[in-house]
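Listing of start-v3.pdb; format and content: PDB, C-alpha atoms.
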MODEL        1
ATOM      1  CA  MET B 127       3.522  70.394  65.848
ATOM      2  CA  ILE B 128       0.133  70.023  67.575
ATOM      3  CA  GLY B 129      -2.785  69.704  65.155
ATOM      4  CA  GLU B 130      -0.652  68.681  62.212
ATOM      5  CA  THR B 131      -0.957  65.417  60.329
ATOM      6  CA  THR B 132       1.899  63.014  60.852
ATOM      7  CA  GLU B 133       2.913  59.499  59.873
ATOM      8  CA  TYR B 134       2.416  57.161  62.837
ATOM      9  CA  ARG B 135       3.833  53.668  63.266
ATOM     10  CA  MET B 136       1.437  51.741  65.480
ATOM     11  CA  VAL B 137       2.342  48.465  67.115
ATOM     12  CA  VAL B 138       0.106  45.557  66.109
ATOM     13  CA  HIS B 139       0.109  42.159  67.825
ATOM     14  CA  GLY B 140       3.174  42.751  69.937
ATOM     15  CA  GLU B 141       6.039  43.997  67.822
ATOM     16  CA  GLN B 142       4.676  44.250  64.281
ATOM     17  CA  ARG B 143       4.515  47.809  62.992
ATOM     18  CA  TYR B 144       1.807  49.256  60.788
ATOM     19  CA  THR B 145       2.119  52.736  59.311
ATOM     20  CA  VAL B 146      -0.829  55.107  59.563
ATOM     21  CA  PRO B 147      -0.097  57.981  57.169
ATOM     22  CA  ASP B 148      -2.595  60.530  58.492
ATOM     23  CA  ALA B 149      -2.471  60.537  62.296
ATOM     24  CA  ILE B 150      -3.019  63.866  64.033
ATOM     25  CA  GLN B 151      -0.510  65.112  66.593
ATOM     26  CA  ALA B 152      -3.011  65.796  69.391
ATOM     27  CA  ALA B 153      -0.655  66.628  72.265
ATOM     28  CA  PRO B 154       3.025  66.112  73.061
ATOM     29  CA  GLY B 155       3.597  62.356  72.805
ATOM     30  CA  LEU B 156      -0.017  61.576  71.788
ATOM     31  CA  VAL B 157      -1.675  61.085  68.401
ATOM     32  CA  VAL B 158      -5.257  60.478  67.285
ATOM     33  CA  PHE B 159      -5.889  58.322  64.241
ATOM     34  CA  ARG B 160      -8.568  56.286  62.527
ATOM     35  CA  MET B 161      -7.859  52.566  62.529
ATOM     36  CA  PRO B 162      -7.039  51.335  59.023
ATOM     37  CA  ASN B 163      -9.846  49.252  57.527
ATOM     38  CA  ASP B 164      -7.736  46.107  57.466
ATOM     39  CA  GLN B 165      -7.070  46.293  61.220
ATOM     40  CA  SER B 166      -9.443  45.285  64.052
ATOM     41  CA  ILE B 167     -12.336  44.625  61.676
ATOM     42  CA  ASN B 168     -14.683  43.653  64.555
ATOM     43  CA  CYS B 169     -14.058  46.875  66.494
ATOM     44  CA  PRO B 170     -16.639  49.608  65.828
ATOM     45  CA  ALA B 171     -14.550  52.118  67.820
ATOM     46  CA  ARG B 172     -12.441  53.194  64.854
ATOM     47  CA  TRP B 173     -10.613  56.106  66.530
ATOM     48  CA  ARG B 174      -7.523  55.498  68.633
ATOM     49  CA  ILE B 175      -5.379  57.561  70.925
ATOM     50  CA  GLY B 176      -1.818  56.373  70.443
ATOM     51  CA  HIS B 177       1.437  56.907  72.286
ATOM     52  CA  HIS B 178       4.362  58.115  70.169
ATOM     53  CA  ASP B 179       6.089  54.730  70.699
ATOM     54  CA  GLY B 180       3.256  53.032  68.779
ATOM     55  CA  ARG B 181       1.069  51.541  71.502
ATOM     56  CA  ALA B 182      -2.640  52.263  71.694
ATOM     57  CA  ILE B 183      -3.768  54.011  74.854
ATOM     58  CA  ALA B 184      -7.525  54.232  74.257
ATOM     59  CA  GLU B 185     -10.213  53.838  71.594
ATOM     60  CA  ALA B 186     -13.292  55.906  70.844
ATOM     61  CA  MET B 187     -16.306  55.498  68.626
ATOM     62  CA  ARG B 188     -16.108  59.099  67.438
ATOM     63  CA  ARG B 189     -13.197  61.341  66.494
ATOM     64  CA  GLU B 190     -14.399  64.159  68.740
ATOM     65  CA  ASP B 191     -14.431  61.790  71.734
ATOM     66  CA  ALA B 192     -10.848  60.725  71.058
ATOM     67  CA  PHE B 193      -9.779  64.367  71.313
ATOM     68  CA  LYS B 194     -11.725  64.746  74.569
ATOM     69  CA  GLY B 195      -9.822  61.701  75.801
ATOM     70  CA  VAL B 196      -6.518  63.330  74.881
ATOM     71  CA  ALA B 197      -7.477  66.332  77.032
ATOM     72  CA  ILE B 198      -8.058  63.999  79.993
ATOM     73  CA  LEU B 199      -4.701  62.313  79.424
ATOM     74  CA  VAL B 200      -2.944  65.675  79.298
ATOM     75  CA  GLU B 201      -4.717  66.807  82.501
ATOM     76  CA  SER B 202      -3.422  63.682  84.254
ATOM     77  CA  GLY B 203      -0.005  65.303  84.544
ATOM     78  CA  ILE B 204       1.739  62.263  83.044
ATOM     79  CA  ASP B 205       4.588  63.099  80.681
ATOM     80  CA  TRP B 206       3.449  61.267  77.546
ATOM     81  CA  THR B 207       6.624  62.264  75.730
ATOM     82  CA  ARG B 208       8.565  59.714  77.795
ATOM     83  CA  ASP B 209       9.238  56.262  76.332
ATOM     84  CA  GLU B 210       6.966  53.276  76.891
ATOM     85  CA  ASP B 211       9.319  51.548  79.338
ATOM     86  CA  TYR B 212       9.381  54.601  81.596
ATOM     87  CA  LEU B 213       5.577  54.894  81.525
ATOM     88  CA  GLN B 214       5.089  51.204  82.345
ATOM     89  CA  VAL B 215       7.328  51.545  85.390
ATOM     90  CA  THR B 216       5.860  54.829  86.655
ATOM     91  CA  ILE B 217       2.127  54.376  85.984
ATOM     92  CA  SER B 218       0.676  52.085  88.641
ATOM     93  CA  SER B 219      -2.282  49.819  87.946
ATOM     94  CA  LYS B 220      -4.392  52.052  90.241
ATOM     95  CA  THR B 221      -3.412  55.132  88.214
ATOM     96  CA  ALA B 222      -4.262  53.280  84.991
ATOM     97  CA  ARG B 223      -7.676  52.237  86.381
ATOM     98  CA  ASP B 224      -8.350  55.813  87.464
ATOM     99  CA  LEU B 225      -7.367  57.116  84.025
ATOM    100  CA  TYR B 226      -9.702  54.664  82.254
ATOM    101  CA  ALA B 227     -12.512  55.654  84.618
ATOM    102  CA  LYS B 228     -11.948  59.311  83.687
ATOM    103  CA  LEU B 229     -11.638  58.434  79.995
ATOM    104  CA  SER B 230     -15.008  56.684  80.142
ATOM    105  CA  TYR B 231     -16.626  60.078  80.754
ATOM    106  CA  ALA B 232     -15.322  61.090  77.326
ATOM    107  CA  TRP B 233     -16.631  57.834  75.815
ATOM    108  CA  CYS B 234     -13.128  56.373  75.501
ATOM    109  CA  ASP B 235     -12.307  52.782  76.440
ATOM    110  CA  GLU B 236      -9.319  50.497  76.720
ATOM    111  CA  PRO B 237      -8.087  49.340  73.295
ATOM    112  CA  GLY B 238      -9.845  46.217  72.113
ATOM    113  CA  SER B 239     -12.801  46.549  74.470
ATOM    114  CA  SER B 240     -15.399  47.173  71.737
ATOM    115  CA  TYR B 241     -16.617  44.254  69.667
ATOM    116  CA  MET B 242     -19.326  43.678  67.083
ATOM    117  CA  PRO B 243     -19.686  40.604  64.903
ATOM    118  CA  GLY B 244     -18.769  41.048  61.272
ATOM    119  CA  ASP B 245     -16.735  43.686  59.496
ATOM    120  CA  VAL B 246     -17.606  47.046  61.078
ATOM    121  CA  THR B 247     -14.692  49.018  59.657
ATOM    122  CA  HIS B 248     -17.227  51.181  57.791
ATOM    123  CA  ASN B 249     -18.408  52.686  61.091
ATOM    124  CA  GLY B 250     -18.293  56.471  61.053
ATOM    125  CA  THR B 251     -18.286  56.799  57.265
ATOM    126  CA  TYR B 252     -21.267  56.635  54.955
ATOM    127  CA  THR B 253     -22.269  57.028  51.336
ATOM    128  CA  ASP B 254     -25.356  58.380  49.605
ATOM    129  CA  ALA B 255     -26.349  54.749  49.025
ATOM    130  CA  ASP B 256     -26.241  54.170  52.804
ATOM    131  CA  ILE B 257     -28.534  57.179  53.319
ATOM    132  CA  GLU B 258     -30.982  55.938  50.681
ATOM    133  CA  ALA B 259     -31.068  52.352  51.966
ATOM    134  CA  THR B 260     -31.557  53.437  55.572
ATOM    135  CA  ALA B 261     -34.276  55.912  54.644
ATOM    136  CA  ALA B 262     -36.126  53.267  52.607
ATOM    137  CA  GLU B 263     -36.003  50.836  55.532
ATOM    138  CA  PHE B 264     -37.233  53.405  58.054
ATOM    139  CA  LYS B 265     -39.956  54.640  55.686
ATOM    140  CA  ALA B 266     -41.225  51.078  55.217
ATOM    141  CA  ASP B 267     -41.313  50.650  59.003
ATOM    142  CA  GLY B 268     -43.147  53.968  59.506
ATOM    143  CA  TYR B 269     -40.472  55.525  61.712
ATOM    144  CA  ASN B 270     -40.852  59.091  62.937
ATOM    145  CA  ALA B 271     -37.833  61.419  63.306
ATOM    146  CA  LEU B 272     -37.191  60.349  66.915
ATOM    147  CA  ASP B 273     -37.381  56.648  66.005
ATOM    148  CA  VAL B 274     -34.885  57.322  63.219
ATOM    149  CA  MET B 275     -32.493  59.045  65.628
ATOM    150  CA  VAL B 276     -32.641  56.242  68.196
ATOM    151  CA  ALA B 277     -32.163  53.544  65.564
ATOM    152  CA  MET B 278     -29.246  55.340  63.928
ATOM    153  CA  THR B 279     -27.342  55.784  67.204
ATOM    154  CA  HIS B 280     -27.174  52.001  67.586
ATOM    155  CA  ARG B 281     -26.117  51.058  64.061
ATOM    156  CA  VAL B 282     -23.052  51.058  61.872
ATOM    157  CA  PRO B 283     -22.107  53.395  60.199
ATOM    158  CA  TRP B 284     -24.121  56.039  62.036
ATOM    159  CA  MET B 285     -23.033  55.455  65.645
ATOM    160  CA  GLY B 286     -19.450  56.370  64.792
ATOM    161  CA  LEU B 287     -20.229  59.777  63.295
ATOM    162  CA  ASP B 288     -19.201  62.961  65.071
ATOM    163  CA  THR B 289     -22.122  65.117  66.208
ATOM    164  CA  ASP B 290     -22.361  67.458  63.202
ATOM    165  CA  ASP B 291     -21.966  64.617  60.702
ATOM    166  CA  PHE B 292     -24.595  62.548  62.536
ATOM    167  CA  ASN B 293     -27.044  65.456  62.541
ATOM    168  CA  GLU B 294     -26.546  65.989  58.816
ATOM    169  CA  ALA B 295     -27.042  62.287  58.040
ATOM    170  CA  HIS B 296     -30.080  62.102  60.344
ATOM    171  CA  ASN B 297     -31.704  65.081  58.623
ATOM    172  CA  ARG B 298     -31.139  63.542  55.204
ATOM    173  CA  VAL B 299     -32.571  60.172  56.284
ATOM    174  CA  VAL B 300     -35.599  61.835  57.932
ATOM    175  CA  GLU B 301     -36.320  63.846  54.789
ATOM    176  CA  LEU B 302     -36.063  60.844  52.450
ATOM    177  CA  ALA B 303     -38.096  58.653  54.822
ATOM    178  CA  ASP B 304     -40.850  61.278  55.105
ATOM    179  CA  ALA B 305     -40.505  60.936  58.875
ATOM    180  CA  ASP B 306     -42.213  63.574  61.026
TER     181      ASP B 306
ENDMDL
END
Please lay out the structure from this file as structure tokens.
Amino acid sequence: MIGETTEYRMVVHGEQRYTVPDAIQAAPGLVVFRMPNDQSINCPARWRIGHHDGRAIAEAMRREDAFKGVAILVESGIDWTRDEDYLQVTISSKTARDLYAKLSYAWCDEPGSSYMPGDVTHNGTYTDADIEATAAEFKADGYNALDVMVAMTHRVPWMGLDTDDFNEAHNRVVELADAD
């Protein structure tokens, strides 16, 4: 059922399977899930659009962008409920390039295209300690509210937050940093 949480078995490194217990059935044949923290530790784009057979179709920095990507995939007219072999035969490389171009407008990329050095699995989640440490740093540097916003959009964990969560975190950092 669309919108419900489901167990998803993603394919890792060819044929290995990894179970994601809380994927969301986003459309027929398509799921959205957050990459487990022990997978793709250098990839800040923690949200994936997956095919029901287990292969990743696209990645996104933010959950809301992954769902926008699903809408684009559905609009493509491709029957995502078909098996992977069928899709590989019927989707030409031109069609795939066109799809990724359209997905880029929703801030979705090909799986594995995002990279940052170090463990960035924390992207898109934060703690009160993260808020306090960031606010202290920005206060020491004399950042104003706009400086705080620009800096946060380029850093883990903030750049992976959905819009409402980012706004809430930004407001908390600005308040603690006494930024105007």
- Message: Which residues would end up in the selection if the PyMOL selection byres ((chain B and resi 288) around 7) were applied here, given that I need the answer as number ranges by chain?
- Response: B: 188-190, 286-287, 289-292
- Message: When you count all atoms listed in the file, which of these residues is closest to Phe159 (chain B): B:His280, B:Met136, B:Arg143, B:Asp179?
- Response: B:Met136
- Query: Can you tell me, as a list of chain:residue names, which residues sit within 9 Å of (4.2, 53.4, 75.6) in the file's frame, using all atoms listed in the file?
  - Reply: B:Gly176, B:His177, B:His178, B:Asp179, B:Gly180, B:Arg181, B:Ala182, B:Ile183, B:Trp206, B:Arg208, B:Asp209, B:Glu210, B:Asp211, B:Tyr212, B:Leu213, B:Gln214
Write out, as an mmCIF file, in the coordinates of the input, the residues just selected, with C-alpha atoms.
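The resulting file, result_14.cif, is shown below:
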data_model
loop_
_atom_site.group_PDB
_atom_site.id
_atom_site.type_symbol
_atom_site.label_atom_id
_atom_site.label_comp_id
_atom_site.auth_asym_id
_atom_site.auth_seq_id
_atom_site.Cartn_x
_atom_site.Cartn_y
_atom_site.Cartn_z
ATOM 1 C CA GLY B 176 -1.818 56.373 70.443
ATOM 2 C CA HIS B 177 1.437 56.907 72.286
ATOM 3 C CA HIS B 178 4.362 58.115 70.169
ATOM 4 C CA ASP B 179 6.089 54.730 70.699
ATOM 5 C CA GLY B 180 3.256 53.032 68.779
ATOM 6 C CA ARG B 181 1.069 51.541 71.502
ATOM 7 C CA ALA B 182 -2.640 52.263 71.694
ATOM 8 C CA ILE B 183 -3.768 54.011 74.854
ATOM 9 C CA TRP B 206 3.449 61.267 77.546
ATOM 10 C CA ARG B 208 8.565 59.714 77.795
ATOM 11 C CA ASP B 209 9.238 56.262 76.332
ATOM 12 C CA GLU B 210 6.966 53.276 76.891
ATOM 13 C CA ASP B 211 9.319 51.548 79.338
ATOM 14 C CA TYR B 212 9.381 54.601 81.596
ATOM 15 C CA LEU B 213 5.577 54.894 81.525
ATOM 16 C CA GLN B 214 5.089 51.204 82.345
#
- Please provide as a PyMOL selection string all residues within 10 Å of Thr131 (chain B), with the sequence filter that same-chain residues fewer than 6 positions apart are discarded (counting only C-alpha atoms). chain B and resi 147-152+157-159
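Among B:Ala295, B:Ser230, B:Arg135, B:Glu201, the residue with the shortest atom-to-atom distance to Ala255 (chain B), counting all atoms listed in the file, is B:Ala295.
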- Task: Report the distance between CA of Cys169 (chain B) and CA of Ser240 (chain B) in Å, rounded to one decimal place.
- Result: 5.4 Å
- Length of the CA of Val282 (chain B) to CA of Val246 (chain B) vector [Å]: 6.8 Å
- Query: Which polymer residues have any atom within 12 Å of an atom of region 265-270 of chain B, counting only C-alpha atoms, with same-chain residues fewer than 2 positions away left out, as a PyMOL selection string?
  - Reply: chain B and resi 257-263+272-278+296-297+299-306
- Which polymer residues have any atom within 12 Å of an atom of Met242 (chain B), counting only C-alpha atoms, with same-chain residues fewer than 3 positions away left out, as a PyMOL selection string? chain B and resi 166-172+238-239+245-247+249+280-282
Selection from above, C-alpha atoms, as a PDB file, in the coordinates of the input, can you write it?
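Printed below is part02.pdb as written:
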ATOM      1  CA  SER B 166      -9.443  45.285  64.052  1.00  0.00           C
ATOM      2  CA  ILE B 167     -12.336  44.625  61.676  1.00  0.00           C
ATOM      3  CA  ASN B 168     -14.683  43.653  64.555  1.00  0.00           C
ATOM      4  CA  CYS B 169     -14.058  46.875  66.494  1.00  0.00           C
ATOM      5  CA  PRO B 170     -16.639  49.608  65.828  1.00  0.00           C
ATOM      6  CA  ALA B 171     -14.550  52.118  67.820  1.00  0.00           C
ATOM      7  CA  ARG B 172     -12.441  53.194  64.854  1.00  0.00           C
ATOM      8  CA  GLY B 238      -9.845  46.217  72.113  1.00  0.00           C
ATOM      9  CA  SER B 239     -12.801  46.549  74.470  1.00  0.00           C
ATOM     10  CA  ASP B 245     -16.735  43.686  59.496  1.00  0.00           C
ATOM     11  CA  VAL B 246     -17.606  47.046  61.078  1.00  0.00           C
ATOM     12  CA  THR B 247     -14.692  49.018  59.657  1.00  0.00           C
ATOM     13  CA  ASN B 249     -18.408  52.686  61.091  1.00  0.00           C
ATOM     14  CA  HIS B 280     -27.174  52.001  67.586  1.00  0.00           C
ATOM     15  CA  ARG B 281     -26.117  51.058  64.061  1.00  0.00           C
ATOM     16  CA  VAL B 282     -23.052  51.058  61.872  1.00  0.00           C
TER      17      VAL B 282
END
- Could you tell me which of B:Gly140, B:Gly250, B:Pro162, B:Gly195 comes closest to Asp235 (chain B) if we count only C-alpha atoms?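 Nearest candidate to Asp235 (chain B) out of B:Gly140, B:Gly250, B:Pro162, B:Gly195: B:Gly195.
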- Item | Explicit residue set for the PyMOL selection byres ((chain B and resi 231) around 12), as a PyMOL selection string | chain B and resi 186+191-192+194-195+197-198+224-230+232-235
- Between B:Arg223, B:Thr207, B:Trp284, B:Glu236, single out the one closest to Thr253 (chain B), counting only C-alpha atoms.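 Closest residue, counting only C-alpha atoms: B:Trp284.
The spacing separating CA of Tyr252 (chain B) from CA of Phe264 (chain B) amounts to 16.6 Å.
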Specify the axis-aligned box that encloses all atoms of region 189-193 of chain B listed in the file after padding of 8 Å on each side, stating its centre and edge lengths in Å to one decimal as lines of an AutoDock Vina configuration file.
center_x = -12.1
center_y = 62.5
center_z = 69.1
size_x = 20.7
size_y = 19.6
size_z = 21.2
